[in-house]
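Student: Got data21.cif for you, mmCIF, C-alpha atoms and all ligand atoms:
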data_input
#
loop_
_atom_site.label_atom_id
_atom_site.label_comp_id
_atom_site.auth_asym_id
_atom_site.auth_seq_id
_atom_site.Cartn_x
_atom_site.Cartn_y
_atom_site.Cartn_z
CA MET A 20 -30.86 27.55 -58.09
CA GLY A 21 -30.01 23.93 -58.73
CA ASP A 22 -28.77 24.74 -62.21
CA ARG A 23 -25.27 23.81 -61.32
CA ALA A 24 -23.74 20.41 -61.44
CA ARG A 25 -24.55 18.48 -58.35
CA ARG A 26 -21.65 16.51 -57.04
CA THR A 27 -21.35 13.96 -54.34
CA HIS A 28 -20.89 15.34 -50.89
CA GLY A 29 -17.46 14.79 -49.48
CA THR A 30 -17.29 12.92 -46.26
CA GLY A 31 -15.88 14.66 -43.21
CA ALA A 32 -12.54 15.77 -44.54
CA GLY A 33 -11.42 17.16 -41.19
CA ALA A 34 -7.80 17.84 -40.40
CA GLY A 35 -6.50 14.95 -42.50
CA GLY A 36 -8.17 16.14 -45.72
CA PRO A 37 -6.79 18.34 -48.46
CA ASP A 38 -4.66 21.25 -47.37
CA VAL A 39 -6.83 24.31 -46.87
CA GLY A 40 -4.02 26.66 -47.87
CA GLU A 41 -3.56 24.97 -51.23
CA LEU A 42 -7.29 24.97 -51.81
CA LEU A 43 -7.48 28.68 -51.02
CA VAL A 44 -4.76 29.46 -53.52
CA ARG A 45 -6.66 27.58 -56.20
CA VAL A 46 -9.97 29.15 -55.22
CA GLY A 47 -8.29 32.54 -55.46
CA ARG A 48 -7.70 31.76 -59.14
CA GLY A 49 -11.35 31.03 -59.69
CA ASP A 50 -11.16 27.23 -59.40
CA GLU A 51 -14.70 26.13 -58.60
CA ALA A 52 -13.81 22.49 -58.02
CA ALA A 53 -11.33 23.61 -55.37
CA PHE A 54 -14.07 25.70 -53.82
CA GLU A 55 -16.30 22.64 -53.52
CA GLN A 56 -13.50 20.85 -51.69
CA LEU A 57 -12.97 23.91 -49.54
CA TYR A 58 -16.64 23.85 -48.62
CA ASP A 59 -16.38 20.22 -47.61
CA VAL A 60 -13.41 20.89 -45.36
CA LEU A 61 -14.53 24.17 -43.83
CA SER A 62 -18.30 23.96 -43.60
CA LYS A 63 -18.36 21.94 -40.39
CA PRO A 64 -16.03 24.04 -38.24
CA LEU A 65 -17.54 27.13 -39.79
CA TYR A 66 -21.12 26.09 -39.17
CA GLY A 67 -20.21 24.93 -35.68
CA VAL A 68 -18.74 28.29 -34.76
CA VAL A 69 -21.57 30.23 -36.38
CA ARG A 70 -24.17 28.10 -34.56
CA ARG A 71 -22.54 29.06 -31.30
CA LEU A 72 -22.39 32.72 -32.22
CA VAL A 73 -25.81 33.04 -33.82
CA ARG A 74 -27.78 30.27 -32.07
CA ASP A 75 -30.81 30.29 -34.37
CA PRO A 76 -30.41 27.45 -36.91
CA GLY A 77 -31.99 29.35 -39.82
CA GLN A 78 -29.87 32.41 -39.27
CA SER A 79 -26.80 30.28 -38.75
CA GLU A 80 -27.37 28.76 -42.15
CA GLU A 81 -27.63 32.21 -43.71
CA VAL A 82 -24.48 33.48 -42.05
CA THR A 83 -22.54 30.35 -42.95
CA GLN A 84 -23.56 30.85 -46.55
CA GLU A 85 -22.49 34.50 -46.42
CA VAL A 86 -19.12 33.55 -45.03
CA MET A 87 -18.50 30.86 -47.64
CA VAL A 88 -19.35 33.33 -50.39
CA GLU A 89 -17.04 35.85 -48.75
CA LEU A 90 -14.24 33.28 -48.79
CA TRP A 91 -14.87 32.71 -52.48
CA ARG A 92 -14.70 36.43 -53.04
CA CYS A 93 -11.53 37.15 -51.14
CA ALA A 94 -9.54 33.89 -51.35
CA GLY A 95 -7.11 35.69 -53.68
CA ARG A 96 -5.85 37.65 -50.68
CA TYR A 97 -4.57 34.51 -49.02
CA SER A 98 -0.94 33.61 -49.35
CA PRO A 99 0.85 30.84 -47.45
CA ASP A 100 3.08 33.34 -45.63
CA ARG A 101 -0.05 34.55 -43.83
CA GLY A 102 -0.23 31.40 -41.76
CA SER A 103 -2.18 28.20 -42.30
CA GLY A 104 -5.14 28.26 -44.64
CA LEU A 105 -7.43 27.02 -41.90
CA ALA A 106 -6.41 29.80 -39.52
CA TRP A 107 -6.78 32.42 -42.24
CA ALA A 108 -10.20 31.17 -43.33
CA MET A 109 -11.48 30.92 -39.78
CA THR A 110 -10.20 34.43 -39.08
CA VAL A 111 -12.20 35.79 -41.99
CA ALA A 112 -15.17 33.68 -40.96
CA HIS A 113 -15.19 34.53 -37.28
CA ARG A 114 -14.80 38.23 -37.85
CA ARG A 115 -17.55 38.32 -40.38
CA ALA A 116 -19.92 36.23 -38.31
CA VAL A 117 -19.27 38.40 -35.29
CA ASP A 118 -19.87 41.57 -37.30
CA ARG A 119 -23.13 40.19 -38.60
CA VAL A 120 -24.26 39.11 -35.18
CA ARG A 121 -23.43 42.46 -33.64
CA SER A 122 -25.31 44.44 -36.26
CA ALA A 123 -28.28 42.07 -36.17
CA GLN A 124 -28.40 42.29 -32.44
CA ALA A 125 -28.21 46.03 -32.19
CA SER A 126 -31.84 45.51 -31.22
CA ALA A 127 -33.61 44.58 -28.05
CA ASP A 128 -32.95 40.86 -28.07
CA ARG A 129 -29.31 41.57 -27.52
CA GLU A 130 -29.86 42.50 -23.88
CA ASP A 131 -31.42 39.20 -23.24
CA TYR A 132 -28.70 37.47 -25.18
CA VAL A 133 -25.84 39.16 -23.36
CA GLY A 134 -27.14 37.63 -20.17
CA ARG A 135 -26.54 34.11 -21.41
CA ARG A 136 -23.53 32.56 -19.82
CA ASP A 137 -23.85 29.07 -21.13
CA VAL A 138 -21.59 29.83 -24.10
CA ALA A 139 -18.74 29.54 -21.67
CA ARG A 140 -19.48 25.87 -21.23
CA PRO A 141 -17.48 24.20 -23.96
CA PHE A 142 -18.88 21.54 -26.30
CA ASP A 143 -22.49 21.17 -25.54
CA GLU A 144 -25.36 19.96 -27.67
CA VAL A 145 -24.20 21.86 -30.75
CA THR A 146 -21.16 19.71 -31.17
CA GLU A 147 -22.34 16.64 -32.93
CA GLN A 148 -19.96 13.83 -33.53
CA VAL A 149 -18.30 15.35 -36.54
CA THR A 150 -15.02 16.37 -35.03
CA SER A 151 -12.57 13.63 -34.50
CA ARG A 152 -12.76 12.64 -30.85
CA LEU A 153 -9.05 13.09 -30.60
CA GLU A 154 -9.16 16.69 -31.76
CA GLN A 155 -11.98 17.52 -29.43
CA GLU A 156 -10.44 15.71 -26.50
CA GLN A 157 -7.17 17.53 -26.97
CA VAL A 158 -8.80 20.94 -27.10
CA ARG A 159 -10.97 20.09 -24.12
CA ARG A 160 -7.98 18.91 -22.15
CA CYS A 161 -5.99 22.02 -23.04
CA LEU A 162 -8.85 24.30 -22.10
CA ARG A 163 -8.59 22.81 -18.64
CA THR A 164 -5.07 24.19 -18.34
CA LEU A 165 -6.57 27.69 -18.32
CA THR A 166 -7.85 29.22 -15.11
CA GLU A 167 -11.63 29.28 -14.90
CA ALA A 168 -11.57 33.05 -15.38
CA GLN A 169 -9.32 32.82 -18.44
CA ARG A 170 -11.40 30.09 -20.01
CA GLU A 171 -14.60 32.01 -19.47
CA SER A 172 -13.17 35.18 -21.00
CA VAL A 173 -11.76 33.39 -24.05
CA LEU A 174 -14.89 31.36 -24.75
CA LEU A 175 -17.36 34.17 -24.16
CA ALA A 176 -15.50 36.10 -26.83
CA TYR A 177 -14.81 33.31 -29.32
CA TYR A 178 -17.99 31.27 -29.11
CA GLY A 179 -20.19 33.98 -27.65
CA GLY A 180 -19.15 36.90 -29.84
CA ARG A 181 -18.84 39.20 -26.84
CA THR A 182 -16.50 42.19 -26.87
CA TYR A 183 -14.06 42.40 -24.00
CA ARG A 184 -16.15 45.26 -22.62
CA GLU A 185 -19.21 43.06 -22.55
CA VAL A 186 -17.24 40.26 -20.98
CA GLY A 187 -16.03 42.73 -18.37
CA GLU A 188 -19.58 43.79 -17.58
CA LEU A 189 -20.83 40.25 -17.54
CA LEU A 190 -18.14 39.11 -15.16
CA ALA A 191 -18.03 42.41 -13.23
CA THR A 192 -14.29 42.59 -13.84
CA PRO A 193 -12.10 45.57 -14.81
CA LEU A 194 -11.39 45.80 -18.55
CA GLY A 195 -7.61 45.67 -18.15
CA THR A 196 -7.99 42.36 -16.35
CA ILE A 197 -10.19 40.94 -19.09
CA LYS A 198 -7.70 41.85 -21.83
CA THR A 199 -4.94 40.20 -19.86
CA ARG A 200 -7.03 37.09 -19.23
CA MET A 201 -7.79 36.76 -22.92
CA ARG A 202 -4.15 37.00 -23.85
CA ASP A 203 -2.89 34.78 -21.02
CA GLY A 204 -5.62 32.26 -21.75
CA LEU A 205 -4.63 32.04 -25.40
CA ILE A 206 -0.96 31.72 -24.47
CA ARG A 207 -1.74 28.71 -22.28
CA LEU A 208 -3.95 27.18 -24.92
CA ARG A 209 -1.31 27.76 -27.59
CA ASP A 210 1.42 26.20 -25.47
CA CYS A 211 -0.70 23.21 -24.53
CA LEU A 212 -1.78 22.55 -28.12
CA GLY A 213 1.78 22.98 -29.33
CA VAL A 214 0.69 25.40 -32.01
CA ALA A 215 3.31 27.08 -34.18
CA GLY A 216 2.62 30.47 -35.75
CA MET B 16 3.23 47.21 -13.79
CA ASN B 17 3.94 49.26 -16.84
CA THR B 18 1.02 51.40 -17.92
CA ARG B 19 2.51 53.35 -20.79
CA PRO B 20 0.06 53.36 -23.71
CA ASP B 21 2.40 51.45 -26.01
CA ALA B 22 2.79 48.76 -23.37
CA GLU B 23 -0.95 48.51 -23.03
CA ILE B 24 -1.54 48.04 -26.70
CA HIS B 25 0.63 44.90 -26.80
CA ALA B 26 -1.79 43.33 -24.35
CA LEU B 27 -4.57 43.53 -26.92
CA THR B 28 -3.36 40.59 -29.03
CA GLY B 29 -5.76 38.18 -27.34
CA ALA B 30 -8.83 40.39 -27.55
CA TYR B 31 -7.94 41.22 -31.15
CA VAL B 32 -7.74 37.62 -32.32
CA LEU B 33 -10.95 36.80 -30.46
CA ASP B 34 -12.68 39.68 -32.33
CA ALA B 35 -13.49 41.23 -28.98
CA LEU B 36 -12.40 44.79 -29.79
CA SER B 37 -14.60 47.65 -30.92
CA ASP B 38 -14.15 48.80 -34.52
CA GLN B 39 -11.98 51.74 -33.47
CA GLU B 40 -9.81 49.65 -31.21
CA ARG B 41 -9.46 47.08 -33.93
CA ALA B 42 -8.30 49.70 -36.42
CA ALA B 43 -5.83 51.18 -33.93
CA PHE B 44 -4.47 47.77 -33.10
CA GLU B 45 -4.08 46.83 -36.75
CA GLU B 46 -2.00 49.93 -37.25
CA HIS B 47 0.17 48.89 -34.33
CA LEU B 48 0.40 45.39 -35.74
CA GLY B 49 2.07 46.65 -38.88
CA ALA B 50 4.89 48.08 -36.80
CA CYS B 51 5.27 45.56 -33.99
CA GLU B 52 6.90 42.27 -34.89
CA THR B 53 6.28 40.78 -31.43
CA CYS B 54 2.55 41.32 -31.65
CA ALA B 55 2.45 40.11 -35.26
CA VAL B 56 4.03 36.80 -34.28
CA GLU B 57 1.76 36.40 -31.30
CA VAL B 58 -1.34 37.18 -33.37
CA SER B 59 -0.32 34.60 -35.93
CA GLU B 60 0.12 31.95 -33.22
CA PHE B 61 -3.16 32.88 -31.58
CA ARG B 62 -4.93 32.49 -34.92
CA GLU B 63 -3.66 28.96 -35.26
CA THR B 64 -4.88 28.43 -31.71
CA THR B 65 -8.41 29.72 -32.21
CA ALA B 66 -8.64 27.69 -35.43
CA ARG B 67 -8.43 24.66 -33.14
CA LEU B 68 -11.33 26.03 -31.12
CA ALA B 69 -13.25 26.19 -34.39
CA LEU B 70 -12.38 22.61 -35.34
CA ALA B 71 -13.41 21.41 -31.92
CA ALA B 72 -16.82 23.04 -32.34
CA SER B 73 -17.53 21.42 -35.72
CA ALA B 74 -21.16 20.70 -36.44
CA GLN B 75 -22.95 19.22 -39.44
CA PRO B 76 -24.45 21.99 -41.60
CA PRO B 77 -27.93 21.51 -43.12
CA ALA B 78 -27.91 19.36 -46.24
CA GLY B 79 -29.14 22.01 -48.66
CA LEU B 80 -26.48 24.53 -47.75
CA ARG B 81 -23.81 23.14 -50.04
CA ASP B 82 -25.87 23.53 -53.19
CA ALA B 83 -27.08 26.94 -52.09
CA VAL B 84 -23.51 28.15 -51.61
CA LEU B 85 -22.32 26.71 -54.91
CA ALA B 86 -25.22 28.30 -56.73
CA ARG B 87 -24.48 31.68 -55.21
CA ILE B 88 -20.83 31.94 -56.10
CA ALA B 89 -21.75 31.97 -59.78
CA ASP B 90 -22.94 35.54 -59.25
CA VAL B 91 -20.09 36.72 -57.11
CA ARG B 92 -17.07 38.31 -58.60
CA GLN B 93 -13.78 37.55 -56.95
CA GLU B 94 -11.36 40.18 -55.82
CA GLY B 95 -7.70 40.23 -54.93
CA PRO B 96 -4.38 39.40 -56.55
CA GLY B 97 -5.55 36.13 -58.05
CA THR B 98 -8.32 37.65 -60.09
CA GLY B 99 -6.28 38.50 -63.15
CA GLU B 100 -6.23 35.00 -64.56
CA ASN B 101 -8.60 32.11 -64.89
CA VAL B 102 -11.56 34.07 -63.72
CA VAL B 103 -14.86 32.44 -64.41
CA PRO B 104 -16.90 34.74 -66.59
CA LEU B 105 -19.87 36.15 -64.77
CA PRO B 106 -23.35 35.85 -66.09
CA ARG B 107 -24.53 39.30 -67.02
CA SER B 108 -27.00 40.94 -64.75
CA ARG B 109 -28.47 37.78 -63.33
CA ALA B 110 -30.75 38.77 -60.54
CA ARG B 111 -31.13 36.71 -57.44
CA ARG B 112 -33.98 37.35 -55.16
CA TRP B 113 -34.98 36.18 -51.77
CA PRO B 114 -37.69 37.13 -49.34
CA LEU B 115 -36.43 39.39 -46.65
CA ARG B 116 -36.11 37.83 -43.30
CA LEU B 117 -35.94 40.68 -40.91
CA SER B 118 -32.86 39.41 -39.29
CA VAL B 119 -29.46 38.86 -40.66
CA ALA B 120 -30.33 39.71 -44.24
CA ALA B 121 -31.93 42.96 -43.16
CA ALA B 122 -29.00 43.77 -40.97
CA ALA B 123 -26.63 43.23 -43.85
CA VAL B 124 -28.63 45.53 -46.10
CA LEU B 125 -28.94 48.06 -43.35
CA LEU B 126 -25.20 47.95 -42.96
CA LEU B 127 -24.69 48.42 -46.67
CA VAL B 128 -27.19 51.27 -46.72
CA SER B 129 -25.71 53.02 -43.75
CA THR B 130 -22.20 52.65 -45.14
CA THR B 131 -23.34 54.10 -48.43
CA LEU B 132 -25.23 56.90 -46.76
CA GLY B 133 -22.32 57.52 -44.44
CA VAL B 134 -19.98 57.99 -47.37
CA LEU B 135 -22.42 60.28 -49.13
CA LEU B 136 -23.13 62.19 -45.96
CA ALA B 137 -19.46 62.86 -45.42
CA ARG B 138 -19.23 64.36 -48.88
CA GLU B 139 -22.40 66.33 -49.13
CA ARG B 140 -23.02 68.04 -45.84
CA GLN B 141 -25.56 70.41 -47.29
CA ASN B 142 -27.87 67.58 -48.22
CA SER B 143 -27.71 65.79 -44.93
CA ASP B 144 -31.38 66.37 -44.09
CA ASP B 145 -32.28 64.70 -47.32
CA LEU B 146 -30.02 61.78 -46.56
CA GLN B 147 -31.43 61.51 -43.06
CA GLN B 148 -34.86 61.19 -44.60
CA GLN B 149 -33.60 58.55 -46.94
CA ALA B 150 -32.10 56.63 -44.06
CA GLN B 151 -35.49 56.73 -42.35
CA ALA B 152 -37.16 55.58 -45.55
CA VAL B 153 -34.79 52.64 -45.67
CA ALA B 154 -35.56 51.71 -42.11
CA ALA B 155 -39.30 51.92 -42.83
CA VAL B 156 -39.02 49.67 -45.86
CA LEU B 157 -37.00 47.13 -43.95
CA ARG B 158 -39.58 47.10 -41.17
CA SER B 159 -42.50 46.65 -43.54
CA GLY B 160 -43.56 43.06 -43.96
CA ASP B 161 -43.40 42.86 -47.73
CA ALA B 162 -39.91 44.19 -48.33
CA ASP B 163 -38.05 42.30 -50.99
CA ILE B 164 -34.33 42.42 -51.63
CA SER B 165 -32.57 41.46 -54.79
CA THR B 166 -29.10 42.01 -56.11
CA SER B 167 -27.83 42.09 -59.64
CA VAL B 168 -24.29 41.97 -60.77
CA SER B 169 -23.08 43.39 -64.03
CA GLY B 170 -19.36 43.45 -64.52
CA ASP B 171 -18.00 44.85 -61.28
CA THR B 172 -21.14 46.73 -60.48
CA ARG B 173 -23.43 45.35 -57.87
CA MET B 174 -26.92 46.75 -57.62
CA THR B 175 -29.02 46.05 -54.58
CA MET B 176 -32.70 46.80 -54.73
CA VAL B 177 -35.00 46.88 -51.73
CA SER B 178 -38.62 47.26 -52.70
CA SER B 179 -41.88 47.48 -50.84
CA ARG B 180 -45.32 47.61 -52.48
CA ASP B 181 -46.83 48.62 -49.15
CA GLN B 182 -44.58 51.64 -48.91
CA ASP B 183 -44.76 52.22 -52.64
CA LEU B 184 -41.02 52.61 -52.58
CA VAL B 185 -37.91 51.18 -54.16
CA LEU B 186 -34.42 51.80 -52.88
CA LEU B 187 -31.50 51.34 -55.22
CA LEU B 188 -27.96 50.95 -53.98
CA ALA B 189 -25.11 50.70 -56.42
CA ASP B 190 -21.70 49.50 -55.49
CA ALA B 191 -18.61 49.79 -57.70
CA LEU B 192 -20.55 51.82 -60.24
CA PRO B 193 -18.04 53.55 -62.53
CA PRO B 194 -18.55 57.27 -63.19
CA ALA B 195 -20.95 57.97 -66.05
CA PRO B 196 -19.23 58.98 -69.31
CA SER B 197 -18.29 62.64 -69.34
CA GLY B 198 -21.34 64.87 -69.90
CA HIS B 199 -23.70 62.05 -68.94
CA ASP B 200 -25.60 60.70 -65.95
CA TYR B 201 -27.14 57.41 -64.96
CA GLN B 202 -30.89 57.73 -64.91
CA ALA B 203 -33.36 55.31 -63.36
CA TRP B 204 -36.82 54.62 -64.81
CA THR B 205 -39.87 52.80 -63.59
CA ILE B 206 -41.18 50.62 -66.38
CA GLY B 207 -44.77 49.37 -66.38
CA ASP B 208 -47.71 50.62 -68.40
CA GLY B 209 -45.49 53.54 -69.23
CA VAL B 210 -41.94 54.65 -68.60
CA ARG B 211 -41.39 57.25 -65.93
CA ALA B 212 -38.19 59.06 -64.91
CA ALA B 213 -37.24 57.99 -61.40
CA GLY B 214 -34.13 60.02 -60.67
CA LEU B 215 -30.40 60.05 -61.21
CA LEU B 216 -27.87 57.69 -59.75
CA VAL B 217 -24.73 59.68 -59.10
CA PRO B 218 -21.83 57.53 -57.97
CA ARG B 219 -19.37 58.84 -55.38
CA ASP B 220 -16.39 56.57 -55.04
CA GLY B 221 -18.44 53.93 -56.79
CA ARG B 222 -21.43 54.14 -54.49
CA ALA B 223 -24.81 55.56 -55.34
CA PHE B 224 -28.14 55.57 -53.61
CA LEU B 225 -31.58 56.43 -54.94
CA ALA B 226 -35.02 56.24 -53.36
CA VAL B 227 -37.81 55.87 -55.94
CA HIS B 228 -41.23 56.84 -54.64
CA GLY B 229 -44.41 55.80 -56.42
CA ILE B 230 -43.82 52.52 -58.16
CA ASP B 231 -47.54 51.78 -58.68
CA THR B 232 -47.87 49.46 -61.65
CA ALA B 233 -44.21 49.30 -62.55
CA THR B 234 -42.80 45.83 -63.05
CA GLU B 235 -39.23 46.84 -63.69
CA ILE B 236 -36.61 49.43 -62.93
CA GLY B 237 -34.33 50.29 -65.82
CA ILE B 238 -31.12 52.28 -65.78
CA THR B 239 -29.84 54.14 -68.80
CA VAL B 240 -27.03 56.53 -69.58
CA GLU B 241 -28.48 59.94 -70.45
CA PRO B 242 -27.10 63.40 -71.21
CA ALA B 243 -26.11 65.19 -67.98
CA GLY B 244 -29.15 66.09 -65.89
CA GLY B 245 -31.28 63.31 -67.34
CA SER B 246 -33.89 63.09 -70.06
CA GLU B 247 -37.66 63.10 -70.13
CA ARG B 248 -37.73 59.80 -71.96
CA PRO B 249 -34.97 57.24 -72.16
CA THR B 250 -32.76 57.85 -75.18
CA THR B 251 -30.57 54.76 -74.89
CA ASP B 252 -31.02 51.08 -74.11
CA PRO B 253 -30.92 50.20 -70.44
CA ILE B 254 -27.56 49.10 -69.09
CA MET B 255 -29.37 47.31 -66.31
CA GLN B 256 -32.91 46.09 -65.80
CA LEU B 257 -34.18 45.03 -62.43
CA GLU B 258 -37.40 43.10 -62.08
CA LEU B 259 -39.73 44.25 -59.35
ZN ZN C 1 2.97 45.15 -29.96
#
Is it possible to give me this structure as structure tokens?
Ligand SMILES: [Zn+2]
Tutor:
Amino acid sequence: MGDRARRTHGTGAGAGGPDVGELLVRVGRGDEAAFEQLYDVLSKPLYGVVRRLVRDPGQSEEVTQEVMVELWRCAGRYSPDRGSGLAWAMTVAHRRAVDRVRSAQASADREDYVGRRDVARPFDEVTEQVTSRLEQEQVRRCLRTLTEAQRESVLLAYYGGRTYREVGELLATPLGTIKTRMRDGLIRLRDCLGVAG
Amino acid sequence: MNTRPDAEIHALTGAYVLDALSDQERAAFEEHLGACETCAVEVSEFRETTARLALAASAQPPAGLRDAVLARIADVRQEGPGTGENVVPLPRSRARRWPLRLSVAAAAVLLLVSTTLGVLLARERQNSDDLQQQAQAVAAVLRSGDADISTSVSGDTRMTMVSSRDQDLVLLLADALPPAPSGHDYQAWTIGDGVRAAGLLVPRDGRAFLAVHGIDTATEIGITVEPAGGSERPTTDPIMQLEL
């Protein structure tokens, strides 16, 4: 390790930085410089989500690394007609992190973990001041347009890595209701954020 | 309320994008997605939406992570449509090694092992007892404190080695291993004070698995191409050498 050129760390590129889609296209062609930029743009949201899913800092670091390597490996599959680069990358990332967490937790500690409900409380200690306030405020405000039950179902799945079955058990709610809440919750969030597909 | 199955499946868009479906449900929904424009549009919008949840959760990763990631991609071959051009040449057979933390890394290996075994199991029913034993051996190695995992990449082929001195056992897992030339097999050897035959690696759909018992003083595992059935002593130069 450390045999590669060390370059200056980019400062929080955030939403106003280089376009993730363009970076992905270049990374897909093996462009390592583009990958470094991609890391700088994606590592914070990625690490933030993984921290919520995995909890343990050491393991979060490992999973984040795995996901970044996975993005390097499969960036060639991205094309702009598959939606925004950010959405595509976070889709790959979330799925992979969730898969890793589920297989790692096929052991006893999962029981204990499933009981935790605090994931449903948005933006706690994990969120350091790296997101623009505006972005966070907007998401926070839009999450309030969901019913409590919808918000809980969406966040337990997205930040907590729970399946809808687990969410159903946790909230003692029929599975059909949970599916509907997840969908309705995302519809409200989408409409509030003014997201286009 | 409409409860026809096809009506129900449309309602899964939310759970799908949140990765809240089981593997089977996910596969079934993805099949549906290919045929249902309405769901495809909704899924795409929901993905943009959850990306905002990700942005809002941003946190500062540890400082060393960037260099670690950049160092690792040197060993990782890219896949997909873009790979035809401008591909960075891969260093040959550069091994990377890290101590096994019995957590995520172990889970990943376990997943790889069980996938490999699953594929083999499906093809060779008659040997399933053997494979069951191998699966147990893998689990034992992963549980033992001194297990060590390393991976080597040579061309497309990725070789993962899990070794344990305590268990006196090495597990080899090959991925994307092309079939041996006609009339030949891949043979593994333990290399130490002497060279000992350690078994054949027979790829099925690119995957091969081999448990090597009795590593004693060996410091390396070598893999050579030998006439079908294997040789008593290696007759060619190793195509891969893995340091123990
Ligand atoms: Zn549909």
Student: For ligand ZN 1 (chain C), list the contacting residues at 7 Å or closer, counting all atoms listed in the file, as a VMD selection string.
Tutor: chain B and resid 24 to 25 47 to 48 51 to 54
Student: Mind checking which residues fall within 10 Å of Glu167 in chain A, counting only C-alpha atoms, ignoring those fewer than 4 positions away in the same chain, and posting them as an MDAnalysis selection string?
Tutor: chainID A and resid 139 162:163 171:172 204
Student: Counting all atoms listed in the file, find residues at most 9 Å from (-18.2, 22.5, -48.8) (file frame) and give them as a PyMOL selection string.
Tutor: (chain A and resi 28-29+54-63+87) or (chain B and resi 80-82+84-85)
Student: Counting all atoms listed in the file, which residue out of B:Leu70, B:Ala213, B:Ala86, B:Leu192 sits closest to Thr172 in chain B?
Tutor: B:Leu192
Student: Hey, can you check how far CA of Asp34 in chain B sits from CA of Gly47 in chain A?
Tutor: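 Calculated distance between CA of Asp34 in chain B and CA of Gly47 in chain A is 24.6 Å.
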Student: For Thr83 in chain A, please output as a list in words all residues within 7 Å (counting all atoms listed in the file; exclusion window: fewer than 6 positions along the same chain).
Tutor: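 My list of contacting residues is Leu65, Tyr66 and Val69 of chain A.
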Student: Might you pull out every residue within 10 Å of range 98-102 of chain A, with all atoms listed in the file counted and same-chain residues fewer than 3 positions away left off, and present them as a PyMOL selection string?
Tutor: (chain A and resi 40-41+43-44+47+94-95+105-107+215-216) or (chain B and resi 59-60+62-63+96)
Student: Compare A:Arg207, A:Arg96, A:Arg74, A:Arg115 by their minimum atom-to-atom distance to chain B, counting all atoms listed in the file, and give me the closest one.
Tutor: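 Under the stated criterion, the closest residue is A:Arg96.
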Student: So how far away is CA of Val58 in chain B from CA of Arg202 in chain A, in Å?
Tutor: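 Those two atoms sit 9.9 Å apart.
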Student: Residues within 12 Å of Val32 in chain B, please, as a VMD selection string. Count all atoms listed in the file; anything in the same chain fewer than 2 positions from it doesn't count.
Tutor: (chain A and resid 106 to 107 109 to 111 113 to 114 117 173 176 to 177 180 182 to 183 198 201 to 202 205 to 206) or (chain B and resid 26 to 30 34 to 36 41 44 to 45 48 54 to 66)
Student: Between CA of Asp220 in chain B and CA of Arg92 in chain B, what is the distance in Å, rounded to a tenth?
Tutor: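 Between CA of Asp220 in chain B and CA of Arg92 in chain B the gap works out to 18.6 Å.
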